[in-house]
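S.K.: First, the structure itself, so that you have it in front of you.
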Amino acid sequence: MRKAGLDSKYVSAIIGHVNKLQSEASYLDWTEIEKEWVAKCEQKLTWLADSTLLNRLSEEKNKTANLESLLSMALSPAQIEKLKEFIAGEIKR
Amino acid sequence: MIRTHSPATVYGYRSMLPGLFQSVLGEENFRKTVFDRLAPCGTVYLVSHKNIPTPDGLRAMLTMANAQYKALIGFLACSGMRIGEVLSRKWSDVEVRPDGYARVTLRAGETKARKPRYAFLTRETVLWLRTFTIWLGVKSEWVFPGENETKALQYGTALEQIKRLFDRNGMKDNGPEIFTPHSSNAESRT
C-alpha cells in the first residue's frame with residue numbers, strides 16, 4: 001500500500017499496526033482513507049490480468065452508459081437513430 | 001535443556017502460571033518472589049522472520065488456488081488483515097460499494113490493537129468471494145465457513161492449505177525465514 005503511494009499513517013490504520021500512531025487512531029477520517037485507498041491502491045492490488053480486463057470493461061461500460069444518457073438528453077430519438085446508423089457505417093468502413 | 005518452544009511462547013505460558021498456582025494451591029501457598037527465583041523470566045526475542053511473497057509469487061498462488069483459497073488469499077493480500085481477523089468475518093461485516101469494491105468492518109474487541117478499524121477489498125477480491133459463494137452452494141453467515149457452515153473455517157486448516165500453496169510455488173521456509181499467512185499483513189505495510 002505504501003508503494004502504491006498511500007499515506008503511511010493510513011496504511012497503519014488499515015492494517016491495525018500497533019505502534020506509536022495509536023494516539024492518532026481516534027482522529028482518523030475513514031471517508032478520506034477510503035477515497036485515497038480506492039484512488040491509489042485499488043488497481044495496484046489487482047493481481048490477475050483477467051481481473052484487470054474485467055475492471056476496464058466495467059469502467060468502459062459505465063462510460064458508455066453515461067455517454068448514452070447524455071446523448072438521450074441532448075438529442076431527439078430520431079437523431080440518436082441517425083447517429084447509431086452513422087457509427088455503424090463508420091465501423092464497417 | 002531441550003528447547004521445544006520459542007522464547008515468546010515460553011514467556012506467554014510462564015505469565016499464566018502464577019494465576020493457575022494461586023487458584024489451585026491457594027494464595028497462602030504461592031509466593032511470586034519464590035516463583036521468580038525458581039523460574040526466572042528469560043529474555044524474549046524473535047526466532048523467526050516472516051518472508052514476504054513477491055507479486056509474481058502471489059499471482060502463482062492465486063492461479064493455482066481453488067475458488068475458496070483464491071478468495072481467502074485475495075482477501076489477505078489486499079486488506080492486510082491478520083488471518084484470524086479474516087476467518088472471523090461475517091457477511092454482515094462486508095459492505096460492497098456501488099463501484100464494486102468493498103469495505104470490511106472490524107470492531108474494537110476483534111482486533112489486536114483493540115481499536116475499531118476498516119479494511120478494503122478490491123473489485124477482483126469481491127468477484128472471487130462471489131464465485132466462492134456460488135461454488136460453495138451453501139448459505140452461511142460466515143464469509144469463510146468451515147466444513148459445518150454454522151462455524152467459521154478453522155485456522156489450522158487454512159494455515160495448512162496456504163502453506164502448501166507457498167511450498168508448491170517455490171516459497172519454502174529456510175531456517176528462521178518462514179512464509180506464513182501473516183506474511184500478507186507484513187506485505188501490506190510495504
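The way I read the labels, and the way they are meant: chains A, B, ... in the order of the C-alpha cells, residue 1 as the first residue of every chain, and ligand 1 as the first ligand shown, with later ones counted on from there.
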Skip B:Tyr69 itself and residues of its chain fewer than 2 positions away, then list as a list in words all residues within 9 Å of it, counting only C-alpha atoms.

M.R.: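 Once the nearby chain positions are removed, what remains is Leu62, Ala65, Asn66, Ala67, Ala71, Leu72, Ile73, Gly74, Phe132, Ala158, Gln161 and Ile162 of chain B.
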
S.K.: Within 7 Å of chain B, which residues of chain A are there when counting only C-alpha atoms? Please give them as an mmCIF file with C-alpha atoms, in the first residue's frame.

M.R.:
```cif
data_model
loop_
_atom_site.group_PDB
_atom_site.id
_atom_site.type_symbol
_atom_site.label_atom_id
_atom_site.label_comp_id
_atom_site.auth_asym_id
_atom_site.auth_seq_id
_atom_site.Cartn_x
_atom_site.Cartn_y
_atom_site.Cartn_z
ATOM 1 C CA MET A 1 0.000 0.000 0.000
ATOM 2 C CA ARG A 2 2.924 2.339 0.764
ATOM 3 C CA LYS A 3 4.492 1.515 -2.600
ATOM 4 C CA VAL A 11 -1.625 2.142 5.942
ATOM 5 C CA ALA A 13 -4.715 2.477 10.335
ATOM 6 C CA ILE A 14 -5.968 -0.049 7.747
ATOM 7 C CA ILE A 15 -3.742 -2.941 8.809
ATOM 8 C CA GLY A 16 -4.152 -2.131 12.509
ATOM 9 C CA VAL A 18 0.236 -1.461 16.948
ATOM 10 C CA GLU A 42 -7.455 -0.493 -5.873
ATOM 11 C CA LEU A 45 -3.752 -4.567 -5.593
ATOM 12 C CA THR A 46 -5.482 -6.250 -8.543
ATOM 13 C CA TRP A 47 -3.353 -9.303 -9.136
ATOM 14 C CA LEU A 48 -4.560 -11.244 -12.155
ATOM 15 C CA SER A 51 -9.477 -9.179 -13.375
#
```

S.K.: Quick one: residues within 7 Å of stretch 84-90 of chain B, only C-alpha atoms counted, chain neighbours fewer than 3 positions away excluded, as a PyMOL selection string?

M.R.: chain B and resi 81+93+141-144+152-153+155

S.K.: Store the residues picked out above, limited to C-alpha atoms, as a PDB file, in the first residue's frame.

M.R.:
```
ATOM      1  CA  MET B  81      -5.754  -8.232   7.742  1.00  0.00           C
ATOM      2  CA  ASP B  93     -19.133  -7.003   8.139  1.00  0.00           C
ATOM      3  CA  GLU B 141     -23.303 -16.050   7.944  1.00  0.00           C
ATOM      4  CA  TRP B 142     -19.505 -16.567   7.767  1.00  0.00           C
ATOM      5  CA  VAL B 143     -17.563 -15.285   4.778  1.00  0.00           C
ATOM      6  CA  PHE B 144     -15.356 -18.400   5.013  1.00  0.00           C
ATOM      7  CA  ALA B 152     -16.023 -20.418  10.540  1.00  0.00           C
ATOM      8  CA  LEU B 153     -13.161 -22.136   8.740  1.00  0.00           C
ATOM      9  CA  TYR B 155      -7.196 -21.559  11.418  1.00  0.00           C
TER      10      TYR B 155
END
```

S.K.: When you count only C-alpha atoms, which of these residues is closest to A:Lys44: A:Met73, A:Leu28, A:Ala78, A:Leu6?

M.R.: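 Selected residue with least distance to A:Lys44: A:Leu6.
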
S.K.: Would you mind reading off the distance between atom CA of A:Ser12 and atom CA of B:Asp173, one decimal, in Å?

M.R.: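 Computing the Euclidean distance for atom CA of A:Ser12 and atom CA of B:Asp173 yields 26.9 Å.
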
S.K.: From the set B:Arg97, B:Lys50, B:Arg37, B:Arg168, which residue has the shortest atom-to-atom contact distance to A:Lys35, counting only C-alpha atoms?

M.R.: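 Result for the nearest residue to A:Lys35: B:Arg97.
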
S.K.: Which is closest to B:Ser140 among B:Gln68, B:His182, B:Val104, B:Trp91, if we use only C-alpha atoms?

M.R.: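 Among the listed residues, the smallest separation from B:Ser140 belongs to B:Trp91.
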
S.K.: Taking only C-alpha atoms into account, which of A:Tyr10, A:Ser58, A:Leu71, A:Gly5 comes nearest A:Ala39?

M.R.: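 Answer, going by the shortest atom-to-atom distance: A:Gly5.
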
S.K.: Can you list, as a PyMOL selection string, all residues belonging to chain A that DSSP tags as helix (DSSP H, G or I)?

M.R.: chain A and resi 8-15+20-27+30-40+49-74+77-92

S.K.: Grab the residues selected above and save them as a compact mmCIF listing (two decimals), in the first residue's frame with C-alpha atoms.

M.R.:
```txt
# COMPACT_ATOMS: atom_id res chain seq x y z
CA SER A 8 1.93 5.74 5.90
CA LYS A 9 -0.49 6.78 8.64
CA TYR A 10 -3.42 5.45 6.58
CA VAL A 11 -1.62 2.14 5.94
CA SER A 12 -1.05 1.68 9.68
CA ALA A 13 -4.71 2.48 10.34
CA ILE A 14 -5.97 -0.05 7.75
CA ILE A 15 -3.74 -2.94 8.81
CA LYS A 20 3.20 4.99 18.14
CA LEU A 21 0.40 6.12 15.86
CA GLN A 22 -2.03 4.69 18.40
CA SER A 23 -2.56 8.18 19.81
CA GLU A 24 -3.81 9.30 16.40
CA ALA A 25 -6.21 6.37 15.92
CA SER A 26 -9.19 8.29 17.30
CA TYR A 27 -8.76 11.16 14.86
CA TRP A 30 -12.17 6.97 7.36
CA THR A 31 -14.05 8.58 4.45
CA GLU A 32 -10.80 10.19 3.33
CA ILE A 33 -8.85 6.96 3.89
CA GLU A 34 -11.35 5.03 1.76
CA LYS A 35 -11.16 7.62 -1.03
CA GLU A 36 -7.36 7.55 -1.01
CA TRP A 37 -7.26 3.74 -0.93
CA VAL A 38 -9.57 3.48 -3.95
CA ALA A 39 -7.59 6.09 -5.89
CA LYS A 40 -4.12 4.74 -5.11
CA ALA A 49 -4.73 -9.92 -15.71
CA ASP A 50 -8.27 -11.17 -16.39
CA SER A 51 -9.48 -9.18 -13.38
CA THR A 52 -7.76 -6.08 -14.73
CA LEU A 53 -9.56 -6.59 -18.04
CA LEU A 54 -12.88 -7.08 -16.24
CA ASN A 55 -12.31 -3.86 -14.30
CA ARG A 56 -11.54 -1.98 -17.53
CA LEU A 57 -14.60 -3.46 -19.19
CA SER A 58 -16.81 -2.38 -16.29
CA GLU A 59 -15.30 1.14 -16.41
CA GLU A 60 -15.87 1.34 -20.17
CA LYS A 61 -19.47 0.16 -19.74
CA ASN A 62 -20.03 2.91 -17.17
CA LYS A 63 -18.55 5.50 -19.53
CA THR A 64 -20.75 4.26 -22.39
CA ALA A 65 -23.86 4.36 -20.19
CA ASN A 66 -23.02 7.93 -19.12
CA LEU A 67 -22.48 8.99 -22.72
CA GLU A 68 -25.74 7.37 -23.82
CA SER A 69 -27.73 9.11 -21.10
CA LEU A 70 -26.09 12.43 -22.06
CA LEU A 71 -26.96 11.90 -25.71
CA SER A 72 -30.56 10.96 -24.90
CA MET A 73 -30.91 14.31 -23.14
CA ALA A 74 -29.28 16.32 -25.91
CA PRO A 77 -34.84 9.74 -30.62
CA ALA A 78 -34.70 10.21 -34.41
CA GLN A 79 -31.33 11.94 -34.18
CA ILE A 80 -30.00 9.16 -31.93
CA GLU A 81 -31.09 6.56 -34.52
CA LYS A 82 -29.30 8.51 -37.25
CA LEU A 83 -26.19 8.75 -35.10
CA LYS A 84 -26.25 4.98 -34.46
CA GLU A 85 -26.53 4.32 -38.22
CA PHE A 86 -23.66 6.70 -38.87
CA ILE A 87 -21.43 5.00 -36.23
CA ALA A 88 -22.31 1.52 -37.59
CA GLY A 89 -21.35 2.70 -41.09
CA GLU A 90 -18.05 4.13 -39.83
CA ILE A 91 -17.20 0.88 -38.01
CA LYS A 92 -17.87 -1.13 -41.23
```
